[in-house]
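Asks: To be precise about what I am sending: the file is called my_file-v3.txt and holds compact mmCIF, C-alpha atoms.
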```
# COMPACT_ATOMS: atom_id res chain seq x y z
CA MET L 390 34.47 -57.67 -37.94
CA ALA L 391 32.71 -55.11 -40.17
CA ARG L 392 31.94 -51.67 -38.74
CA ASP L 393 28.47 -50.14 -38.83
CA VAL L 394 27.83 -47.95 -41.84
CA LEU L 395 26.95 -44.38 -40.80
CA SER L 396 25.21 -41.64 -42.72
CA VAL L 397 26.82 -38.25 -43.27
CA GLY L 398 24.29 -36.68 -40.89
CA GLN L 399 25.10 -39.22 -38.17
CA ILE L 400 28.85 -38.62 -38.30
CA ASN L 401 28.37 -34.84 -38.39
CA GLU L 402 26.03 -35.05 -35.40
CA TYR L 403 28.54 -37.22 -33.56
CA ILE L 404 31.33 -34.72 -34.19
CA ARG L 405 29.03 -31.87 -33.09
CA THR L 406 28.21 -33.67 -29.84
CA ARG L 407 31.88 -34.36 -29.09
CA MET L 408 32.86 -30.76 -29.76
CA ASP L 409 29.99 -29.36 -27.66
CA SER L 410 31.14 -31.45 -24.69
CA ASP L 411 34.76 -30.32 -24.96
CA PRO L 412 35.36 -27.54 -22.35
CA ASN L 413 38.44 -26.39 -24.26
CA LEU L 414 36.20 -25.22 -27.11
CA THR L 415 33.97 -22.95 -24.99
CA GLY L 416 34.71 -19.56 -23.46
CA LEU L 417 37.35 -18.86 -26.11
CA ALA L 418 38.97 -15.53 -26.95
CA ILE L 419 40.57 -15.57 -30.39
CA ARG L 420 42.67 -12.78 -31.91
CA GLY L 421 42.58 -12.23 -35.65
CA GLU L 422 41.77 -10.01 -38.62
CA ILE L 423 38.25 -9.62 -40.01
CA SER L 424 37.58 -10.49 -43.63
CA ASN L 425 34.45 -11.13 -45.75
CA TYR L 426 32.31 -9.35 -43.16
CA LYS L 427 28.61 -9.44 -44.08
CA VAL L 428 25.44 -8.46 -42.24
CA TYR L 429 22.31 -10.22 -43.49
CA PRO L 430 18.75 -8.85 -43.32
CA SER L 431 18.08 -11.29 -40.50
CA GLY L 432 20.52 -9.31 -38.36
CA HIS L 433 23.09 -12.13 -38.19
CA HIS L 434 26.74 -11.28 -38.86
CA TYR L 435 28.98 -13.64 -40.86
CA PHE L 436 32.73 -13.15 -41.27
CA THR L 437 36.11 -14.90 -41.38
CA LEU L 438 38.77 -14.45 -38.73
CA LYS L 439 42.30 -14.97 -40.09
CA ASP L 440 45.94 -14.56 -39.24
CA GLU L 441 49.18 -15.28 -41.14
CA THR L 442 48.69 -19.05 -41.04
CA ALA L 443 44.97 -19.92 -40.96
CA ALA L 444 41.37 -18.78 -41.25
CA LEU L 445 38.26 -19.51 -39.15
CA LYS L 446 34.64 -19.02 -40.18
CA CYS L 447 32.56 -17.10 -37.63
CA VAL L 448 28.95 -16.21 -37.05
CA MET L 449 27.47 -13.70 -34.60
CA PHE L 450 23.74 -13.93 -34.19
CA ARG L 451 21.55 -10.85 -33.97
CA GLY L 452 21.07 -11.09 -30.18
CA SER L 453 24.81 -10.89 -29.59
CA ALA L 454 25.46 -8.36 -32.35
CA THR L 455 23.16 -5.79 -30.73
CA GLY L 456 25.67 -5.51 -27.88
CA LEU L 457 28.58 -4.40 -30.10
CA LYS L 458 30.17 -1.11 -29.03
CA PHE L 459 31.81 -0.48 -32.42
CA ARG L 460 31.28 -1.16 -36.14
CA PRO L 461 33.37 -4.12 -37.36
CA GLU L 462 35.07 -3.68 -40.73
CA ASN L 463 37.20 -5.80 -43.05
CA GLY L 464 40.88 -5.59 -42.13
CA MET L 465 40.14 -4.68 -38.48
CA LYS L 466 42.03 -6.66 -35.87
CA ILE L 467 39.81 -7.86 -33.07
CA VAL L 468 39.51 -10.33 -30.24
CA ALA L 469 36.38 -12.47 -30.68
CA MET L 470 34.79 -14.39 -27.81
CA GLY L 471 32.64 -17.48 -28.19
CA ARG L 472 32.68 -21.24 -28.70
CA ILE L 473 33.67 -23.63 -31.49
CA ALA L 474 30.93 -25.95 -32.76
CA VAL L 475 29.95 -27.86 -35.88
CA PHE L 476 27.14 -26.84 -38.23
CA PRO L 477 25.86 -30.35 -39.08
CA ARG L 478 24.27 -29.39 -42.40
CA ASP L 479 27.59 -28.31 -43.97
CA GLY L 480 29.87 -30.49 -41.86
CA ALA L 481 32.01 -27.43 -41.10
CA TYR L 482 33.07 -26.07 -37.76
CA GLN L 483 32.94 -22.36 -36.96
CA LEU L 484 33.18 -19.88 -34.13
CA TYR L 485 29.83 -18.92 -32.66
CA CYS L 486 30.81 -15.42 -31.60
CA THR L 487 29.12 -13.85 -28.56
CA GLY L 488 31.23 -10.70 -28.38
CA MET L 489 34.19 -8.88 -29.85
CA ILE L 490 36.47 -5.97 -29.01
CA PRO L 491 39.14 -4.15 -30.97
CA ASP L 492 42.55 -5.70 -30.44
CA GLY L 493 44.79 -3.78 -28.05
CA VAL L 494 42.62 -3.72 -24.91
CA GLY L 495 41.62 -7.29 -25.41
CA ASP L 496 43.73 -8.98 -22.71
CA LEU L 497 42.56 -6.77 -19.86
CA TYR L 498 39.00 -6.77 -21.11
CA ILE L 499 38.93 -10.53 -21.35
CA ALA L 500 40.37 -10.86 -17.86
CA PHE L 501 37.77 -8.41 -16.59
CA GLU L 502 34.88 -10.29 -18.23
CA GLN L 503 36.12 -13.67 -17.06
CA LEU L 504 36.50 -12.55 -13.45
CA LYS L 505 33.15 -10.76 -13.59
CA LYS L 506 31.45 -13.93 -14.82
CA LYS L 507 33.21 -16.07 -12.21
CA LEU L 508 32.27 -13.82 -9.28
CA GLN L 509 28.73 -13.35 -10.55
CA GLU L 510 28.24 -17.12 -10.65
CA LYS L 511 29.51 -17.29 -7.06
CA GLY L 512 26.83 -14.79 -6.04
CA LEU L 513 29.14 -11.92 -5.04
CA PHE L 514 26.98 -9.43 -6.95
CA ASP L 515 23.68 -10.62 -5.48
CA PRO L 516 21.68 -7.65 -4.07
CA ALA L 517 20.64 -9.88 -1.16
CA TYR L 518 24.17 -9.51 0.28
CA LYS L 519 24.24 -5.71 0.06
CA LYS L 520 24.44 -4.16 3.53
CA PRO L 521 22.64 -0.90 4.30
CA LEU L 522 24.81 2.12 4.98
CA PRO L 523 24.59 3.80 8.40
CA LYS L 524 22.51 6.96 8.22
CA TYR L 525 24.71 8.94 10.61
CA PRO L 526 28.15 7.25 10.64
CA LYS L 527 30.28 8.03 13.67
CA CYS L 528 33.51 7.09 11.91
CA VAL L 529 34.33 6.74 8.20
CA CYS L 530 37.46 4.86 7.18
CA ILE L 531 39.02 5.78 3.82
CA ILE L 532 41.25 3.24 2.06
CA THR L 533 43.16 4.96 -0.73
CA SER L 534 46.47 6.57 -1.58
CA GLU L 535 47.55 9.39 0.72
CA ALA L 536 49.35 11.09 -2.16
CA GLY L 537 46.47 11.42 -4.59
CA ALA L 538 44.08 14.32 -5.02
CA ALA L 539 41.13 12.04 -4.39
CA VAL L 540 41.80 11.69 -0.65
CA HIS L 541 41.96 15.48 -0.19
CA ASP L 542 38.66 15.91 -2.03
CA MET L 543 37.01 13.27 0.15
CA LEU L 544 38.36 14.78 3.40
CA ARG L 545 37.22 18.25 2.38
CA ILE L 546 33.70 17.06 1.52
CA LEU L 547 33.36 14.95 4.67
CA ARG L 548 34.43 17.88 6.90
CA LYS L 549 32.07 20.25 5.12
CA ARG L 550 29.03 17.97 4.95
CA TYR L 551 29.15 16.34 8.38
CA PRO L 552 31.88 17.50 10.79
CA LEU L 553 30.57 15.18 13.52
CA THR L 554 32.00 12.18 11.66
CA GLN L 555 35.48 11.03 12.61
CA VAL L 556 37.62 10.14 9.59
CA ARG L 557 40.42 7.57 9.54
CA LEU L 558 42.78 7.11 6.59
CA LEU L 559 44.40 3.77 5.80
CA PRO L 560 47.00 4.67 3.12
CA VAL L 561 47.64 2.03 0.46
CA ARG L 562 49.05 1.83 -3.03
CA VAL L 563 46.24 1.94 -5.58
CA GLN L 564 48.14 0.77 -8.66
CA GLY L 565 50.92 -1.64 -9.37
CA VAL L 566 51.56 -5.27 -8.49
CA GLU L 567 51.45 -4.72 -4.72
CA ALA L 568 48.27 -2.64 -4.75
CA PRO L 569 45.63 -5.42 -4.67
CA GLY L 570 47.25 -7.10 -1.67
CA GLU L 571 47.54 -3.82 0.25
CA ILE L 572 43.93 -2.84 -0.47
CA ALA L 573 42.58 -6.26 0.57
CA SER L 574 44.72 -6.26 3.72
CA ALA L 575 43.53 -2.76 4.67
CA ILE L 576 39.89 -3.84 4.34
CA ARG L 577 40.48 -6.88 6.56
CA TYR L 578 42.49 -4.76 9.04
CA ALA L 579 39.66 -2.22 9.33
CA ASN L 580 37.18 -5.01 9.98
CA TYR L 581 39.38 -6.82 12.52
CA TYR L 582 39.94 -3.71 14.63
CA LYS L 583 36.51 -2.19 13.86
CA LEU L 584 38.07 1.10 12.78
CA GLY L 585 34.82 2.54 11.46
CA ASP L 586 31.21 1.86 10.68
CA LEU L 587 31.65 2.70 6.97
CA LEU L 588 34.50 2.13 4.47
CA ILE L 589 35.25 4.13 1.33
CA VAL L 590 37.57 2.22 -0.99
CA GLY L 591 38.78 3.88 -4.17
CA ARG L 592 41.06 6.22 -6.06
CA GLY L 593 40.98 8.95 -8.70
CA GLY L 594 40.65 8.45 -12.43
CA GLY L 595 43.13 6.86 -14.79
CA SER L 596 43.54 4.36 -17.57
CA ILE L 597 42.21 0.82 -17.35
CA GLU L 598 45.69 -0.28 -16.36
CA ASP L 599 45.80 2.32 -13.56
CA LEU L 600 42.47 1.12 -12.16
CA TRP L 601 43.29 -2.57 -12.53
CA ALA L 602 43.96 -3.13 -8.80
CA PHE L 603 40.21 -2.77 -8.24
CA ASN L 604 39.54 -5.56 -10.75
CA ASP L 605 41.47 -8.04 -8.62
CA GLU L 606 39.78 -11.10 -7.13
CA GLN L 607 41.34 -10.77 -3.68
CA VAL L 608 40.11 -7.18 -3.43
CA ALA L 609 36.65 -8.31 -4.50
CA MET L 610 36.62 -11.10 -1.89
CA ALA L 611 37.80 -8.71 0.85
CA ILE L 612 34.96 -6.29 0.02
CA PHE L 613 32.41 -9.11 -0.09
CA GLN L 614 33.56 -10.54 3.26
CA SER L 615 33.65 -7.14 4.98
CA GLN L 616 31.25 -6.83 7.90
CA ILE L 617 31.50 -3.06 7.57
CA PRO L 618 29.50 -1.57 4.65
CA VAL L 619 31.73 -0.57 1.73
CA ILE L 620 31.37 2.24 -0.81
CA SER L 621 33.39 1.69 -3.99
CA ALA L 622 34.59 5.06 -5.33
CA VAL L 623 36.92 4.33 -8.23
CA GLY L 624 37.85 6.62 -11.11
CA HIS L 625 35.44 8.77 -13.08
CA GLU L 626 31.74 8.14 -13.68
CA PRO L 627 32.16 6.02 -16.88
CA ASP L 628 34.75 3.78 -15.20
CA VAL L 629 33.37 0.49 -13.92
CA THR L 630 35.41 -2.02 -11.91
CA ILE L 631 34.78 -5.35 -10.22
CA SER L 632 34.83 -3.52 -6.88
CA ASP L 633 31.79 -1.53 -7.98
CA PHE L 634 29.77 -4.71 -8.50
CA VAL L 635 30.77 -6.28 -5.16
CA ALA L 636 30.54 -3.20 -2.92
CA ASP L 637 27.40 -2.33 -1.01
CA LEU L 638 27.17 0.96 -2.93
CA ARG L 639 28.92 2.27 -6.03
CA ALA L 640 29.92 5.93 -6.23
CA ALA L 641 30.57 7.63 -9.55
CA THR L 642 33.73 9.34 -8.22
CA PRO L 643 35.65 9.54 -4.94
CA SER L 644 33.99 12.91 -4.25
CA ASN L 645 30.59 11.35 -4.84
CA GLY L 646 31.59 8.54 -2.47
CA ALA L 647 32.17 11.09 0.31
CA GLU L 648 28.79 12.70 -0.45
CA LEU L 649 27.03 9.35 -0.24
CA ALA L 650 28.81 8.38 2.99
CA VAL L 651 27.46 11.14 5.24
CA PRO L 652 24.37 13.36 5.37
CA ASP L 653 24.53 17.05 4.49
CA ARG L 654 24.74 19.21 7.61
CA GLU L 655 23.01 22.13 5.91
CA ALA L 656 20.11 19.92 4.82
CA LEU L 657 19.86 18.49 8.35
CA LEU L 658 19.79 21.99 9.85
CA GLN L 659 17.08 23.02 7.39
CA ASN L 660 15.07 19.95 8.33
CA LEU L 661 15.53 20.72 12.02
CA ASP L 662 14.41 24.32 11.46
CA ALA L 663 11.37 23.10 9.56
CA MET L 664 10.57 20.60 12.32
CA GLN L 665 11.02 23.30 14.97
CA SER L 666 8.67 25.63 13.10
CA SER L 667 6.15 22.85 12.72
CA MET L 668 6.35 22.04 16.44
CA GLN L 669 5.94 25.70 17.36
CA THR L 670 2.91 25.98 15.10
CA CYS L 671 1.38 22.87 16.69
CA VAL L 672 2.01 24.19 20.21
CA ILE L 673 0.50 27.58 19.34
CA LYS L 674 -2.58 25.91 17.84
CA SER L 675 -2.94 23.63 20.87
CA LEU L 676 -2.67 26.58 23.28
CA ALA L 677 -5.22 28.57 21.28
CA SER L 678 -7.62 25.63 21.27
CA ALA L 679 -7.14 25.12 25.03
CA ARG L 680 -7.70 28.84 25.62
CA ARG L 681 -10.96 28.77 23.64
CA HIS L 682 -12.10 25.75 25.61
CA LEU L 683 -11.21 27.46 28.90
CA ASN L 684 -13.14 30.58 27.91
CA THR L 685 -16.14 28.44 27.01
CA LEU L 686 -16.01 26.81 30.44
CA ALA L 687 -15.57 30.14 32.16
CA ASP L 688 -18.68 31.49 30.43
CA SER L 689 -20.77 28.46 31.35
CA ASN L 690 -23.66 28.87 33.83
CA ALA L 691 -22.23 26.16 36.07
CA LEU L 692 -19.20 28.30 36.84
CA LYS L 693 -21.03 31.65 36.91
CA GLY L 694 -23.55 30.49 39.57
CA PRO L 695 -24.56 26.99 40.69
CA GLU L 696 -28.12 28.15 41.55
CA SER L 697 -28.80 29.07 37.90
CA ALA L 698 -27.98 25.53 36.83
CA ILE L 699 -30.32 24.17 39.51
CA ILE L 700 -33.13 26.52 38.39
CA ILE L 701 -32.66 25.48 34.77
CA ARG L 702 -32.78 21.80 35.71
CA ARG L 703 -35.85 22.39 37.93
CA ASN L 704 -37.64 24.14 35.07
CA ASN L 705 -36.70 21.31 32.76
CA LEU L 706 -38.03 18.81 35.29
CA THR L 707 -41.31 20.75 35.64
CA HIS L 708 -41.67 20.86 31.90
CA LEU L 709 -41.05 17.11 31.69
CA LEU L 710 -43.66 16.44 34.41
CA GLN L 711 -46.22 18.55 32.56
CA ARG L 712 -45.54 16.65 29.39
CA LEU L 713 -45.81 13.37 31.29
CA PHE L 714 -49.18 14.29 32.85
CA ALA L 715 -50.51 15.49 29.52
CA ALA L 716 -49.40 12.29 27.86
CA GLN L 717 -50.99 10.23 30.66
CA GLU L 718 -54.30 12.12 30.31
CA ARG L 719 -54.29 11.64 26.54
CA ALA L 720 -53.63 7.94 26.97
CA THR L 721 -56.49 7.66 29.55
CA ASN L 722 -58.93 9.49 27.30
CA ARG L 723 -58.02 7.25 24.37
CA GLY L 724 -58.59 4.20 26.61
CA LYS L 725 -62.01 5.49 27.77
CA THR L 726 -63.04 6.17 24.19
CA ARG L 727 -62.07 2.67 23.10
CA PHE L 728 -63.87 1.18 26.15
CA LEU L 729 -67.16 3.03 25.46
CA SER L 730 -67.00 2.06 21.81
CA ALA L 731 -66.48 -1.60 22.68
CA THR L 732 -69.29 -1.48 25.28
CA ALA L 733 -71.70 -0.04 22.73
CA LYS L 734 -70.78 -2.75 20.25
CA LEU L 735 -71.28 -5.49 22.87
CA ASP L 736 -74.60 -4.00 23.96
CA ALA L 737 -75.81 -3.90 20.36
CA LEU L 738 -74.92 -7.55 19.90
CA SER L 739 -76.41 -8.70 23.26
CA PRO L 740 -79.43 -11.11 23.02
CA LEU L 741 -81.05 -9.18 25.87
CA LYS L 742 -81.25 -6.20 23.54
CA VAL L 743 -83.44 -8.28 21.24
CA LEU L 744 -85.83 -8.97 24.14
CA SER L 745 -86.37 -5.25 24.65
CA ARG L 746 -87.87 -5.09 21.16
CA GLY L 747 -90.66 -7.59 22.04
CA TYR L 748 -88.95 -10.82 21.29
CA SER L 749 -88.47 -13.79 23.70
CA ILE L 750 -86.06 -16.73 24.08
CA THR L 751 -87.38 -20.24 24.69
CA GLU L 752 -85.27 -22.74 26.60
CA ASN L 753 -85.82 -26.38 27.62
CA GLY L 754 -85.53 -27.65 31.13
CA GLN L 755 -81.76 -27.86 30.90
CA GLY L 756 -81.39 -24.19 29.83
CA ALA L 757 -80.60 -24.90 26.19
CA VAL L 758 -82.12 -22.53 23.63
CA ILE L 759 -84.83 -24.20 21.54
CA HIS L 760 -84.40 -23.55 17.83
CA SER L 761 -86.64 -26.28 16.39
CA VAL L 762 -89.89 -28.10 17.23
CA THR L 763 -87.93 -31.30 17.06
CA GLN L 764 -86.16 -30.37 20.29
CA VAL L 765 -89.33 -30.69 22.42
CA LYS L 766 -92.22 -33.09 22.78
CA THR L 767 -95.72 -32.83 24.28
CA GLY L 768 -95.66 -32.41 28.07
CA ASP L 769 -92.09 -30.91 28.24
CA LYS L 770 -91.61 -28.07 30.67
CA ILE L 771 -90.08 -25.02 28.96
CA ARG L 772 -88.98 -21.53 30.02
CA ILE L 773 -89.78 -18.43 28.06
CA ARG L 774 -87.41 -15.50 28.75
CA LEU L 775 -88.92 -12.03 28.37
CA GLU L 776 -87.47 -8.57 28.89
CA ASP L 777 -88.75 -8.29 32.42
CA GLY L 778 -88.76 -11.96 33.57
CA ASN L 779 -89.42 -15.64 32.79
CA VAL L 780 -92.56 -17.66 32.08
CA TRP L 781 -92.74 -21.41 32.72
CA ALA L 782 -95.06 -23.50 30.55
CA PHE L 783 -95.83 -27.05 29.39
CA VAL L 784 -96.03 -28.10 25.74
CA GLU L 785 -99.57 -29.24 24.90
CA GLU L 786 -98.95 -29.76 21.20
CA LYS L 787 -96.52 -28.73 18.49
CA GLU L 788 -96.61 -28.21 14.76
CA ASN L 789 -93.98 -27.49 12.14
CA GLU L 790 -94.09 -24.67 9.68
CA ASN L 791 -96.29 -26.74 7.38
CA GLY L 792 -99.00 -27.05 10.08
```
Go ahead and render the structure in this file as structure tokens.

Replies:
Amino acid sequence: MARDVLSVGQINEYIRTRMDSDPNLTGLAIRGEISNYKVYPSGHHYFTLKDETAALKCVMFRGSATGLKFRPENGMKIVAMGRIAVFPRDGAYQLYCTGMIPDGVGDLYIAFEQLKKKLQEKGLFDPAYKKPLPKYPKCVCIITSEAGAAVHDMLRILRKRYPLTQVRLLPVRVQGVEAPGEIASAIRYANYYKLGDLLIVGRGGGSIEDLWAFNDEQVAMAIFQSQIPVISAVGHEPDVTISDFVADLRAATPSNGAELAVPDREALLQNLDAMQSSMQTCVIKSLASARRHLNTLADSNALKGPESAIIIRRNNLTHLLQRLFAAQERATNRGKTRFLSATAKLDALSPLKVLSRGYSITENGQGAVIHSVTQVKTGDKIRIRLEDGNVWAFVEEKENENG
């Protein structure tokens, strides 16, 4: 049976897919010598990594190259990290390099980076798990070597800064094959017996090999699982270990760890003095204010003589009554004035006023005012109202305005 005919692009894409899915081709660390190293204007680095038997094309993109701590050169032996994949256009596989270090410290560095990545993915470095340190620890437990200078520096600083704190020392080896197990066991021991409310775990400076016990996974897990807050105080300030990432607080040096563990007694005393002065000032101000208030009360008329207060209130009452009477009289006068004015207006509009000027009002028998000749007929009895009385009459004849 004939096979399907594939294009070059299809087979290259197939090989790329298979290689991308192979876990053995990712997370690699490859030792070799640099040759044909070129940096293009794009910022990408292209080079060949070779040894006595073979060569491997490599590319480091600009984003990864910006993290280089040294300048790669032809002939330099390095350890390159990355993954193997196919570039489909050329049908060639190459190392996609994400980092490189000079050969010599490569093994420890690779182990450090691999463990760091593993623990970070597990969440051991998550800030959400960091426990707050006690502000005034009653007991600090130090886990370090009893023979080193670091422990004496820490004890001296703790005694000087905060003598109220009790210090316990759990001596352990801090380098060598047995060191990680002893350090992890001491952390668990301190937690089990609740030997303190703060742990300082660390040692003095040294080479990367000397500090390697603090890059151990079991030490990292013991610190992470500790219910007691942990300060990691390893080496000098530039030194960074896995313990620093896992601990609740990282100190630059063991001495700095002791400084971070407890408050400064001198600073506390200064704060207390300042608070005492502030309290005294507040009390003095309160007393002065109360004294002024008391003097004001003592000078008041009510305390000097009750009769004076009564006289003052009587005078005030008299004054109020006078004002009330005056207001009442003004209101009455205004009412009278309005009444007289209204009466005059009504009188001027009264029909009786018209009668006084010689006019009369004629009404029919039912008392209705007669306005027109059409309202009466001959023989009707009518009443004529005059100023001083009424006249009754009968209609003999009537005529309109036209006669």

Asks: At a cut-off of 10 Å, using all atoms listed in the file, what residues contact Tyr482 in chain L? Leave out same-chain residues fewer than 4 positions from it and give the result as an MDAnalysis selection string.

Replies: chainID L and resid 401 404:405 408 445:447 473:477

Asks: With C-alpha atoms retained, could you export that selection as a JSON list (two decimals), in the coordinates of the input?

Replies:
```
[["chain", "number", "residue", "atom", "x", "y", "z"],
["L", 401, "ASN", "CA", 28.37, -34.84, -38.39],
["L", 404, "ILE", "CA", 31.33, -34.72, -34.19],
["L", 405, "ARG", "CA", 29.03, -31.87, -33.09],
["L", 408, "MET", "CA", 32.86, -30.76, -29.76],
["L", 445, "LEU", "CA", 38.26, -19.51, -39.15],
["L", 446, "LYS", "CA", 34.64, -19.02, -40.18],
["L", 447, "CYS", "CA", 32.56, -17.10, -37.63],
["L", 473, "ILE", "CA", 33.67, -23.63, -31.49],
["L", 474, "ALA", "CA", 30.93, -25.95, -32.76],
["L", 475, "VAL", "CA", 29.95, -27.86, -35.88],
["L", 476, "PHE", "CA", 27.14, -26.84, -38.23],
["L", 477, "PRO", "CA", 25.86, -30.35, -39.08]]
```

Asks: So, counting all atoms listed in the file, which residue among L:Asp599, L:Asp605, L:Asp777, L:Asp662 is closest to Gly624 in chain L?

Replies: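 Among the listed residues, the smallest separation from Gly624 in chain L belongs to L:Asp599.
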
Asks: Suppose you want the space between CA of Asp633 in chain L and CA of Leu504 in chain L; what is it in Å?

Replies: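 If I compute the distance from CA of Asp633 in chain L to CA of Leu504 in chain L, I get 13.2 Å.
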
Asks: Quick one: distance from CA of Ile631 in chain L to CA of Val529 in chain L in Å, one decimal?

Replies: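 So the answer is 22.0 Å.
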
Asks: Expressed in Å to a single decimal, how great is the separation between CA of Arg478 in chain L and CA of Val397 in chain L?

Replies: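 Separation between CA of Arg478 in chain L and CA of Val397 in chain L: 9.3 Å.
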
Asks: Near Ala636 in chain L, counting all atoms listed in the file, which residues have an atom at most 7 Å away, once you skip same-chain residues fewer than 3 positions from it, shown as a list in words?

Replies: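 Once the nearby chain positions are removed, what remains is Ile612, Phe613, Val619, Ile620, Ser621, Ser632, Asp633 and Arg639 of chain L.
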
Asks: Just want the 8 Å neighbourhood of Ser644 in chain L, counted on all atoms listed in the file, with same-chain residues fewer than 5 positions away dropped. Output as a PyMOL selection string.

Replies: chain L and resi 539+542-543+546+622

Asks: With C-alpha atoms retained, export the selected residues as a short mmCIF file (atom, residue, chain, number, x, y, z; two decimals), in the frame of the given file.

Replies:
```cif
data_model
loop_
_atom_site.label_atom_id
_atom_site.label_comp_id
_atom_site.auth_asym_id
_atom_site.auth_seq_id
_atom_site.Cartn_x
_atom_site.Cartn_y
_atom_site.Cartn_z
CA ALA L 539 41.13 12.04 -4.39
CA ASP L 542 38.66 15.91 -2.03
CA MET L 543 37.01 13.27 0.15
CA ILE L 546 33.70 17.06 1.52
CA ALA L 622 34.59 5.06 -5.33
#
```

Asks: Which is closest to Lys524 in chain L among L:Val651, L:Ile750, L:Leu775, L:Leu657, if we use all atoms listed in the file?

Replies: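 Answer, going by the shortest atom-to-atom distance: L:Val651.
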
Asks: Find, counting all atoms listed in the file, the residue in L:Gly471, L:Gly464, L:Thr442, L:Ile701 that gets nearest to Ala418 in chain L.

Replies: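 Ranked by minimum distance to Ala418 in chain L, first place goes to L:Gly471.
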
Asks: Which residues come within 12 Å of range 752-756 of chain L, counting all atoms listed in the file, excluding same-chain residues fewer than 6 positions away, as a VMD selection string?

Replies: chain L and resid 762 to 766 768 to 775 779 to 784

Asks: Considering all atoms listed in the file, can you say which of L:Arg557, L:Lys520, L:His682, L:Arg562 comes closest to Leu600 in chain L?

Replies: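 Distance minimum relative to Leu600 in chain L lands on L:Arg562.
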